[in-house]
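Below is the file structure.cif, which contains mmCIF, C-alpha atoms and all ligand atoms.
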```cif
data_start
#
loop_
_atom_site.label_atom_id
_atom_site.label_comp_id
_atom_site.auth_asym_id
_atom_site.auth_seq_id
_atom_site.Cartn_x
_atom_site.Cartn_y
_atom_site.Cartn_z
CA MET Z 1 -78.04 103.07 3.89
CA THR Z 2 -81.59 103.63 2.77
CA SER Z 3 -84.51 101.48 1.77
CA ARG Z 4 -83.37 102.00 -1.86
CA ASP Z 5 -80.99 99.03 -1.46
CA PHE Z 6 -83.97 96.78 -0.81
CA THR Z 7 -86.37 98.31 -3.34
CA ASP Z 8 -83.73 98.32 -6.11
CA TYR Z 9 -83.14 94.61 -5.47
CA ILE Z 10 -86.86 93.81 -5.50
CA ASP Z 11 -87.24 95.79 -8.74
CA HIS Z 12 -84.32 93.84 -10.18
CA ILE Z 13 -85.41 90.29 -9.32
CA GLY Z 14 -89.18 90.75 -9.22
CA ASP Z 15 -91.52 91.07 -6.28
CA ARG Z 16 -92.18 87.71 -4.57
CA THR Z 17 -94.39 89.09 -1.79
CA ASP Z 18 -97.29 86.95 -3.04
CA LEU Z 19 -95.17 83.82 -2.69
CA PHE Z 20 -94.59 84.58 0.99
CA LEU Z 21 -98.25 85.53 1.51
CA VAL Z 22 -99.38 82.17 0.09
CA VAL Z 23 -96.85 80.37 2.30
CA ALA Z 24 -97.80 82.40 5.40
CA ALA Z 25 -101.51 81.66 4.84
CA HIS Z 26 -100.91 77.92 4.40
CA THR Z 27 -98.44 77.42 7.23
CA GLY Z 28 -99.54 80.00 9.79
CA ALA Z 29 -95.84 80.73 10.27
CA ARG Z 30 -94.92 83.92 12.09
CA ARG Z 31 -91.17 83.61 12.72
CA ALA Z 32 -89.02 82.95 9.66
CA LEU Z 33 -85.31 82.35 9.12
CA TYR Z 34 -83.81 83.36 5.76
CA PRO Z 35 -80.21 82.19 5.25
CA GLY Z 36 -78.71 83.64 2.06
CA SER Z 37 -81.32 86.39 1.92
CA TYR Z 38 -79.07 89.03 0.36
CA LEU Z 39 -81.37 92.10 0.04
CA ASP Z 40 -84.66 90.25 -0.36
CA LEU Z 41 -86.83 91.93 2.28
CA THR Z 42 -90.18 90.72 0.91
CA PRO Z 43 -90.66 87.95 3.54
CA SER Z 44 -91.11 90.82 6.02
CA TYR Z 45 -94.03 92.09 3.96
CA ALA Z 46 -95.87 88.83 4.73
CA LEU Z 47 -94.38 87.58 8.03
CA PRO Z 48 -94.09 89.65 11.21
CA ASP Z 49 -90.73 88.36 12.46
CA VAL Z 50 -87.87 87.48 10.09
CA THR Z 51 -84.21 86.73 10.80
CA TYR Z 52 -82.03 87.34 7.74
CA LEU Z 53 -78.55 85.85 7.37
CA ASP Z 54 -75.96 86.59 4.71
CA SER Z 55 -72.19 86.84 4.30
CA ASP Z 56 -72.36 89.57 1.66
CA ALA Z 57 -71.01 93.00 2.65
CA ARG Z 58 -73.79 94.83 0.80
CA ALA Z 59 -76.47 92.96 2.76
CA ARG Z 60 -74.60 93.60 6.03
CA LYS Z 61 -74.46 97.35 5.30
CA ALA Z 62 -78.12 97.54 4.23
CA PHE Z 63 -79.29 95.82 7.42
CA ALA Z 64 -76.76 97.58 9.71
CA ASP Z 65 -79.34 100.19 10.68
CA PRO Z 66 -82.51 98.08 10.76
CA SER Z 67 -84.76 101.16 10.88
CA ALA Z 68 -84.76 101.49 7.05
CA ALA Z 69 -85.80 97.85 6.64
CA VAL Z 70 -88.40 98.12 9.42
CA GLU Z 71 -89.85 101.31 7.94
CA LEU Z 72 -90.06 99.83 4.42
CA ALA Z 73 -91.56 96.54 5.63
CA GLY Z 74 -93.95 98.50 7.83
CA ARG Z 75 -95.32 100.32 4.77
CA HIS Z 76 -95.86 97.05 2.87
CA ARG Z 77 -96.85 94.70 5.69
CA HIS Z 78 -99.93 92.47 5.53
CA TYR Z 79 -100.14 91.96 9.34
CA PRO Z 80 -101.06 94.37 12.12
CA GLN Z 81 -97.93 94.67 14.28
CA ASP Z 82 -94.61 96.43 13.66
CA PRO Z 83 -92.17 94.22 11.73
CA ALA Z 84 -89.45 92.51 13.75
CA ILE Z 85 -86.29 92.28 11.64
CA THR Z 86 -82.95 90.80 12.67
CA PHE Z 87 -79.83 90.38 10.54
CA VAL Z 88 -77.04 87.90 11.29
CA PRO Z 89 -73.88 88.57 9.25
CA GLY Z 90 -71.48 85.84 8.18
CA ASP Z 91 -71.43 82.35 6.72
CA TYR Z 92 -74.70 80.59 7.59
CA THR Z 93 -72.95 77.21 7.83
CA ARG Z 94 -71.34 78.69 10.95
CA THR Z 95 -73.82 81.31 12.21
CA LEU Z 96 -76.84 78.96 12.14
CA ARG Z 97 -75.00 76.67 14.56
CA GLU Z 98 -74.86 79.54 17.06
CA LEU Z 99 -78.58 80.36 16.91
CA PRO Z 100 -81.09 78.77 19.29
CA ALA Z 101 -82.48 75.36 18.31
CA ALA Z 102 -86.17 74.81 17.53
CA GLU Z 103 -87.10 78.51 17.54
CA TRP Z 104 -88.41 79.26 14.03
CA ASP Z 105 -91.62 78.27 12.21
CA LEU Z 106 -90.27 78.59 8.68
CA ALA Z 107 -86.88 78.47 6.95
CA ILE Z 108 -86.51 80.00 3.48
CA SER Z 109 -84.03 78.55 0.99
CA LEU Z 110 -83.95 80.34 -2.37
CA TYR Z 111 -80.85 80.31 -4.61
CA ALA Z 112 -78.46 80.19 -1.66
CA GLY Z 113 -76.98 76.68 -1.39
CA PRO Z 114 -77.74 73.81 1.01
CA VAL Z 115 -79.71 75.89 3.52
CA SER Z 116 -82.01 72.95 4.38
CA GLU Z 117 -79.19 71.02 6.02
CA HIS Z 118 -77.98 73.88 8.21
CA ALA Z 119 -81.38 75.34 9.14
CA ALA Z 120 -83.04 72.07 10.25
CA ARG Z 121 -81.95 72.35 13.88
CA CYS Z 122 -83.38 75.88 14.17
CA LEU Z 123 -86.88 74.80 13.09
CA ASN Z 124 -89.63 73.98 15.54
CA PRO Z 125 -90.94 70.39 15.42
CA GLY Z 126 -93.46 70.54 12.59
CA GLY Z 127 -91.82 73.73 11.26
CA TRP Z 128 -91.69 74.42 7.55
CA LEU Z 129 -89.04 74.73 4.86
CA LEU Z 130 -89.74 76.75 1.70
CA VAL Z 131 -87.15 75.71 -0.86
CA ASN Z 132 -86.50 75.86 -4.58
CA ASN Z 133 -84.24 73.59 -6.54
CA SER Z 134 -81.87 76.13 -8.04
CA HIS Z 135 -78.91 74.98 -5.94
CA ALA Z 136 -80.26 71.43 -5.51
CA ASP Z 137 -81.66 72.23 -2.08
CA ALA Z 138 -85.12 70.80 -2.87
CA GLY Z 139 -83.38 67.56 -3.87
CA LEU Z 140 -81.33 67.63 -0.67
CA ALA Z 141 -84.49 68.11 1.41
CA ARG Z 142 -86.14 65.20 -0.44
CA LEU Z 143 -83.26 62.94 0.64
CA ASN Z 144 -83.15 64.28 4.20
CA PRO Z 145 -85.12 62.23 6.78
CA ALA Z 146 -85.57 65.43 8.79
CA TYR Z 147 -88.12 66.63 6.21
CA ARG Z 148 -91.14 65.39 4.35
CA LEU Z 149 -92.73 67.05 1.33
CA ALA Z 150 -95.94 68.89 2.29
CA ALA Z 151 -96.85 71.06 -0.74
CA ALA Z 152 -95.68 72.31 -4.11
CA VAL Z 153 -95.87 75.94 -5.19
CA HIS Z 154 -96.51 76.90 -8.81
CA HIS Z 155 -96.09 80.34 -10.35
CA ARG Z 156 -98.26 80.78 -13.41
CA ALA Z 157 -99.70 83.87 -15.07
CA GLY Z 158 -98.21 86.03 -12.32
CA ARG Z 159 -99.94 84.09 -9.51
CA TYR Z 160 -98.52 81.78 -6.89
CA ARG Z 161 -100.65 78.71 -6.21
CA LEU Z 162 -99.96 76.07 -3.61
CA THR Z 163 -101.07 72.46 -4.00
CA THR Z 164 -101.04 69.45 -1.71
CA ASP Z 165 -102.55 67.12 -4.33
CA ARG Z 166 -100.68 64.04 -5.53
CA LEU Z 167 -97.39 65.03 -3.98
CA GLU Z 168 -95.90 61.69 -5.00
CA ARG Z 169 -95.48 63.02 -8.57
CA TYR Z 170 -92.97 65.67 -7.46
CA LEU Z 171 -89.20 65.37 -7.11
CA LEU Z 172 -88.99 62.34 -9.38
CA PRO Z 173 -85.90 62.71 -11.57
CA LYS Z 174 -86.30 62.63 -15.35
CA THR Z 175 -83.30 60.31 -15.33
CA SER Z 176 -83.18 57.70 -12.57
CA PRO Z 177 -81.75 57.15 -10.08
CA HIS Z 178 -82.00 60.32 -8.04
CA PRO Z 179 -78.49 61.62 -7.29
CA THR Z 180 -77.22 61.04 -3.78
CA ARG Z 181 -76.61 63.85 -1.30
CA GLU Z 182 -72.88 63.71 -2.06
CA GLN Z 183 -73.53 63.93 -5.80
CA LEU Z 184 -75.88 66.91 -5.37
CA HIS Z 185 -73.26 68.68 -3.25
CA ALA Z 186 -70.62 68.02 -5.89
CA MET Z 187 -72.91 69.25 -8.70
CA GLY Z 188 -74.13 72.31 -6.78
CA ARG Z 189 -77.26 72.52 -8.91
CA GLY Z 190 -80.54 70.67 -9.05
CA VAL Z 191 -81.51 67.81 -11.34
CA ALA Z 192 -84.51 67.98 -13.72
CA TYR Z 193 -87.76 66.58 -12.32
CA THR Z 194 -90.70 65.14 -14.26
CA HIS Z 195 -93.12 67.58 -12.55
CA PRO Z 196 -91.08 70.63 -11.62
CA ALA Z 197 -92.54 73.21 -9.26
CA THR Z 198 -91.43 76.79 -8.63
CA ALA Z 199 -90.80 75.89 -4.99
CA TYR Z 200 -91.65 73.22 -2.47
CA LEU Z 201 -92.82 73.25 1.13
CA PHE Z 202 -91.38 70.60 3.39
CA ARG Z 203 -92.22 69.90 6.99
CA ARG Z 204 -89.67 69.31 9.72
CA VAL Z 205 -90.26 65.81 11.03
CA THR Z 206 -89.49 64.75 14.55
CA HIS Z 207 -89.48 61.04 15.15
CA VAL Z 208 -90.54 60.16 18.65
CA GLN Z 209 -89.76 56.71 19.94
CA ARG Z 210 -92.83 55.40 21.79
CA HIS Z 211 -93.40 52.36 23.99
CA ASP Z 212 -94.51 50.25 21.01
CA ASP Z 213 -91.16 50.98 19.32
CA GLN Z 214 -92.81 52.58 16.31
CA ASP Z 215 -91.58 55.85 14.87
CA HIS Z 216 -94.21 58.56 15.07
CA GLU Z 217 -94.16 62.02 13.60
CA TRP Z 218 -94.91 65.22 15.45
CA HIS Z 219 -96.76 67.87 13.54
C1 LIG Z 301 -78.24 84.45 -5.53
S1 LIG Z 301 -78.38 85.27 -3.98
C2 LIG Z 301 -80.06 84.91 -3.58
C3 LIG Z 301 -80.64 85.92 -2.65
C4 LIG Z 301 -82.08 85.65 -2.20
N1 LIG Z 301 -82.17 84.36 -1.52
C5 LIG Z 301 -83.06 85.68 -3.34
O1 LIG Z 301 -83.65 84.65 -3.66
O2 LIG Z 301 -83.28 86.76 -3.89
C6 LIG Z 301 -77.47 84.18 -2.89
C7 LIG Z 301 -77.10 84.81 -1.56
O3 LIG Z 301 -76.74 83.77 -0.68
C8 LIG Z 301 -75.64 84.19 0.07
N2 LIG Z 301 -74.93 82.99 0.53
C9 LIG Z 301 -74.58 81.90 -0.19
N3 LIG Z 301 -73.94 81.02 0.61
C10 LIG Z 301 -73.88 81.58 1.83
C11 LIG Z 301 -73.35 81.15 3.08
N4 LIG Z 301 -72.75 79.96 3.22
N5 LIG Z 301 -73.49 81.98 4.14
C12 LIG Z 301 -74.11 83.17 4.03
N6 LIG Z 301 -74.64 83.63 2.88
C13 LIG Z 301 -74.52 82.84 1.79
C14 LIG Z 301 -74.81 85.06 -0.87
O4 LIG Z 301 -73.98 85.95 -0.15
C15 LIG Z 301 -75.92 85.77 -1.64
O5 LIG Z 301 -76.24 86.99 -1.05
#
```
The structure given in the file should be rewritten as structure tokens.
Amino acid sequence: MTSRDFTDYIDHIGDRTDLFLVVAAHTGARRALYPGSYLDLTPSYALPDVTYLDSDARARKAFADPSAAVELAGRHRHYPQDPAITFVPGDYTRTLRELPAAEWDLAISLYAGPVSEHAARCLNPGGWLLVNNSHADAGLARLNPAYRLAAAVHHRAGRYRLTTDRLERYLLPKTSPHPTREQLHAMGRGVAYTHPATAYLFRRVTHVQRHDDQDHEWH
């Protein structure tokens, strides 16, 4: 396998390096987890340490010898050190359960199903989830008490822009009520929102029970 597998895919879907650069700058994340990555290597252009997971045979073959991915990411990297790249083959609903808990700063969920639910345990307290709503995963994160919305990402005129303003206007369904988790799973696709964003950043919330019996968040 050569780096052509990765570059052909990036040429095909469009280069989202700037998305990951904006997210890396905002979050300070260094270690990312990308379930359902397929051949999208661009997170490694922005983040020094990325674990990719996918069940697809083509992705498994492309990552089998990581030197091609490391060499390509090394040429495009926006950070000083050599890229660290790991690939975990198989179904992420199973493989994520076998990875260490609370080890990653950022989980990436783009067009690959309900990643938010399976990746939550692997995120550090205060870790981040980058998610779009293609497979309803932004809606699932909205309903999940493990996360709270922290930013919206817009893609306009070829630029990614992140906003933390008036977050309450996001993820409100055009038609109320918002579907339940079970309904979103059954539909397998997201609902329309009044203020749609290209992607959303959520934060992993850890509730800590303190002596005054109030729930407090760790960030
Ligand atoms: C449409 S592609 C998106 C690839 C990439 N996230 C992107 O945005 O370019 C979806 C990928 O998710 C993978 N996928 C979906 N469900 C999966 C699962 N349960 N376990 C592992 N991989 C999965 C598929 O194999 C496929 O490669």
Practice problem: Go through the chains and note each residue within 9 Å of ligand LIG 301 (chain Z), using all atoms listed in the file, then give the set as number ranges by chain. | Solution: Z: 9-10, 13-14, 16, 34-41, 53-59, 89-95, 108-115
Compile the contact shell of Pro48 in chain Z as a CSV table (one decimal) with C-alpha atoms, keeping the file's coordinate frame: residues with an atom at most 7 Å away, counting only C-alpha atoms, same-chain residues fewer than 5 positions apart removed.
```csv
chain,number,residue,atom,x,y,z
Z,30,ARG,CA,-94.9,83.9,12.1
Z,31,ARG,CA,-91.2,83.6,12.7
Z,79,TYR,CA,-100.1,92.0,9.3
Z,83,PRO,CA,-92.2,94.2,11.7
Z,84,ALA,CA,-89.4,92.5,13.8
```
Exercise. Please provide as a VMD selection string all residues within 10 Å of Arg4 in chain Z, with the sequence filter that same-chain residues fewer than 6 positions apart are discarded (counting only C-alpha atoms).
Key: chain Z and resid 10 62 68 to 69 72
Self-check item: Tyr170 in chain Z surroundings by all atoms listed in the file, 9 Å radius, close-in-sequence under 2 positions cut, as a list in words
Solution: Leu149, Ala152, Arg166, Leu167, Glu168, Leu172, Pro173, Tyr193, Thr194, His195, Pro196 and Ala197 of chain Z
Near-range 97-102 of chain Z list (9 Å; all atoms listed in the file; drop same-chain fewer than 4 positions) as a JSON list (two decimals) with C-alpha atoms, in the frame of the given file:
```json
[["chain", "number", "residue", "atom", "x", "y", "z"],
["Z", 92, "TYR", "CA", -74.70, 80.59, 7.59],
["Z", 93, "THR", "CA", -72.95, 77.21, 7.83],
["Z", 118, "HIS", "CA", -77.98, 73.88, 8.21],
["Z", 119, "ALA", "CA", -81.38, 75.34, 9.14],
["Z", 120, "ALA", "CA", -83.04, 72.07, 10.25],
["Z", 121, "ARG", "CA", -81.95, 72.35, 13.88],
["Z", 122, "CYS", "CA", -83.38, 75.88, 14.17],
["Z", 123, "LEU", "CA", -86.88, 74.80, 13.09],
["Z", 124, "ASN", "CA", -89.63, 73.98, 15.54],
["Z", 125, "PRO", "CA", -90.94, 70.39, 15.42],
["Z", 127, "GLY", "CA", -91.82, 73.73, 11.26]]
```
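For the atom pair formed by CA of Arg189 in chain Z and CA of Arg142 in chain Z, the distance is 14.3 Å, given to one decimal.
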Exercise. Give me, please, the distance in Å between CA of Gly139 in chain Z and CA of Thr164 in chain Z, quoted to one decimal.
Key: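 A separation of 17.9 Å between them.
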Quiz item: Pick the closest to Arg148 in chain Z from Z:Phe20, Z:Thr27, Z:Tyr200, Z:Lys174: which is it, counting only C-alpha atoms?
Solution: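 Distance minimum relative to Arg148 in chain Z lands on Z:Tyr200.
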Calculate, to one decimal in Å, the centre and edge lengths of the box along x, y and z of the file that holds all listed atoms of range 124-131 of chain Z with 8 Å of margin on each side, and present them as AutoDock Vina command-line options.
```
--center_x -90.3 --center_y 73.6 --center_z 7.3 --size_x 22.3 --size_y 22.4 --size_z 32.4
```
Practice problem: Record the distance separating CA of Thr51 in chain Z and CA of Gly74 in chain Z, expressed in Å with one decimal. | Solution: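 These two atoms are separated by 15.6 Å.
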Final N, CA and C atoms of range 92-116 of chain Z as an mmCIF file, keeping the file's coordinate frame:
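Saved to result12.cif:
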```cif
data_model
loop_
_atom_site.group_PDB
_atom_site.id
_atom_site.type_symbol
_atom_site.label_atom_id
_atom_site.label_comp_id
_atom_site.auth_asym_id
_atom_site.auth_seq_id
_atom_site.Cartn_x
_atom_site.Cartn_y
_atom_site.Cartn_z
ATOM 1 N N TYR Z 92 -73.612 81.265 6.846
ATOM 2 C CA TYR Z 92 -74.700 80.590 7.590
ATOM 3 C C TYR Z 92 -74.320 79.177 8.021
ATOM 4 N N THR Z 93 -73.334 78.552 7.378
ATOM 5 C CA THR Z 93 -72.950 77.210 7.830
ATOM 6 C C THR Z 93 -72.334 77.291 9.237
ATOM 7 N N ARG Z 94 -71.884 78.485 9.602
ATOM 8 C CA ARG Z 94 -71.340 78.690 10.950
ATOM 9 C C ARG Z 94 -72.360 79.398 11.849
ATOM 10 N N THR Z 95 -72.952 80.496 11.345
ATOM 11 C CA THR Z 95 -73.820 81.310 12.210
ATOM 12 C C THR Z 95 -75.092 80.563 12.627
ATOM 13 N N LEU Z 96 -75.619 79.689 11.764
ATOM 14 C CA LEU Z 96 -76.840 78.960 12.140
ATOM 15 C C LEU Z 96 -76.582 78.028 13.319
ATOM 16 N N ARG Z 97 -75.336 77.570 13.454
ATOM 17 C CA ARG Z 97 -75.000 76.670 14.560
ATOM 18 C C ARG Z 97 -75.063 77.399 15.899
ATOM 19 N N GLU Z 98 -74.895 78.742 15.827
ATOM 20 C CA GLU Z 98 -74.860 79.540 17.060
ATOM 21 C C GLU Z 98 -76.236 80.072 17.443
ATOM 22 N N LEU Z 99 -77.233 79.886 16.601
ATOM 23 C CA LEU Z 99 -78.580 80.360 16.910
ATOM 24 C C LEU Z 99 -79.310 79.311 17.756
ATOM 25 N N PRO Z 100 -80.348 79.738 18.477
ATOM 26 C CA PRO Z 100 -81.090 78.770 19.290
ATOM 27 C C PRO Z 100 -81.717 77.667 18.447
ATOM 28 N N ALA Z 101 -81.826 76.482 19.012
ATOM 29 C CA ALA Z 101 -82.480 75.360 18.310
ATOM 30 C C ALA Z 101 -83.989 75.486 18.466
ATOM 31 N N ALA Z 102 -84.703 74.946 17.472
ATOM 32 C CA ALA Z 102 -86.170 74.810 17.530
ATOM 33 C C ALA Z 102 -86.875 76.114 17.891
ATOM 34 N N GLU Z 103 -86.519 77.189 17.217
ATOM 35 C CA GLU Z 103 -87.100 78.510 17.540
ATOM 36 C C GLU Z 103 -87.943 79.087 16.401
ATOM 37 N N TRP Z 104 -87.757 78.614 15.174
ATOM 38 C CA TRP Z 104 -88.410 79.260 14.030
ATOM 39 C C TRP Z 104 -89.482 78.363 13.423
ATOM 40 N N ASP Z 105 -90.505 79.013 12.832
ATOM 41 C CA ASP Z 105 -91.620 78.270 12.210
ATOM 42 C C ASP Z 105 -91.326 77.933 10.761
ATOM 43 N N LEU Z 106 -90.472 78.720 10.132
ATOM 44 C CA LEU Z 106 -90.270 78.590 8.680
ATOM 45 C C LEU Z 106 -88.826 78.944 8.343
ATOM 46 N N ALA Z 107 -88.191 78.127 7.517
ATOM 47 C CA ALA Z 107 -86.880 78.470 6.950
ATOM 48 C C ALA Z 107 -87.068 78.667 5.452
ATOM 49 N N ILE Z 108 -86.387 79.667 4.906
ATOM 50 C CA ILE Z 108 -86.510 80.000 3.480
ATOM 51 C C ILE Z 108 -85.182 79.700 2.804
ATOM 52 N N SER Z 109 -85.243 78.922 1.723
ATOM 53 C CA SER Z 109 -84.030 78.550 0.990
ATOM 54 C C SER Z 109 -84.251 78.813 -0.496
ATOM 55 N N LEU Z 110 -83.778 79.956 -0.973
ATOM 56 C CA LEU Z 110 -83.950 80.340 -2.370
ATOM 57 C C LEU Z 110 -82.611 80.754 -2.956
ATOM 58 N N TYR Z 111 -82.076 79.967 -3.855
ATOM 59 C CA TYR Z 111 -80.850 80.310 -4.610
ATOM 60 C C TYR Z 111 -79.648 80.561 -3.701
ATOM 61 N N ALA Z 112 -79.526 79.852 -2.610
ATOM 62 C CA ALA Z 112 -78.460 80.190 -1.660
ATOM 63 C C ALA Z 112 -77.740 78.959 -1.103
ATOM 64 N N GLY Z 113 -77.746 77.842 -1.842
ATOM 65 C CA GLY Z 113 -76.980 76.680 -1.390
ATOM 66 C C GLY Z 113 -77.782 75.766 -0.475
ATOM 67 N N PRO Z 114 -77.077 74.877 0.238
ATOM 68 C CA PRO Z 114 -77.740 73.810 1.010
ATOM 69 C C PRO Z 114 -78.286 74.280 2.354
ATOM 70 N N VAL Z 115 -79.141 75.303 2.300
ATOM 71 C CA VAL Z 115 -79.710 75.890 3.520
ATOM 72 C C VAL Z 115 -80.456 74.844 4.350
ATOM 73 N N SER Z 116 -81.167 73.924 3.661
ATOM 74 C CA SER Z 116 -82.010 72.950 4.380
ATOM 75 C C SER Z 116 -81.210 72.191 5.431
#
```
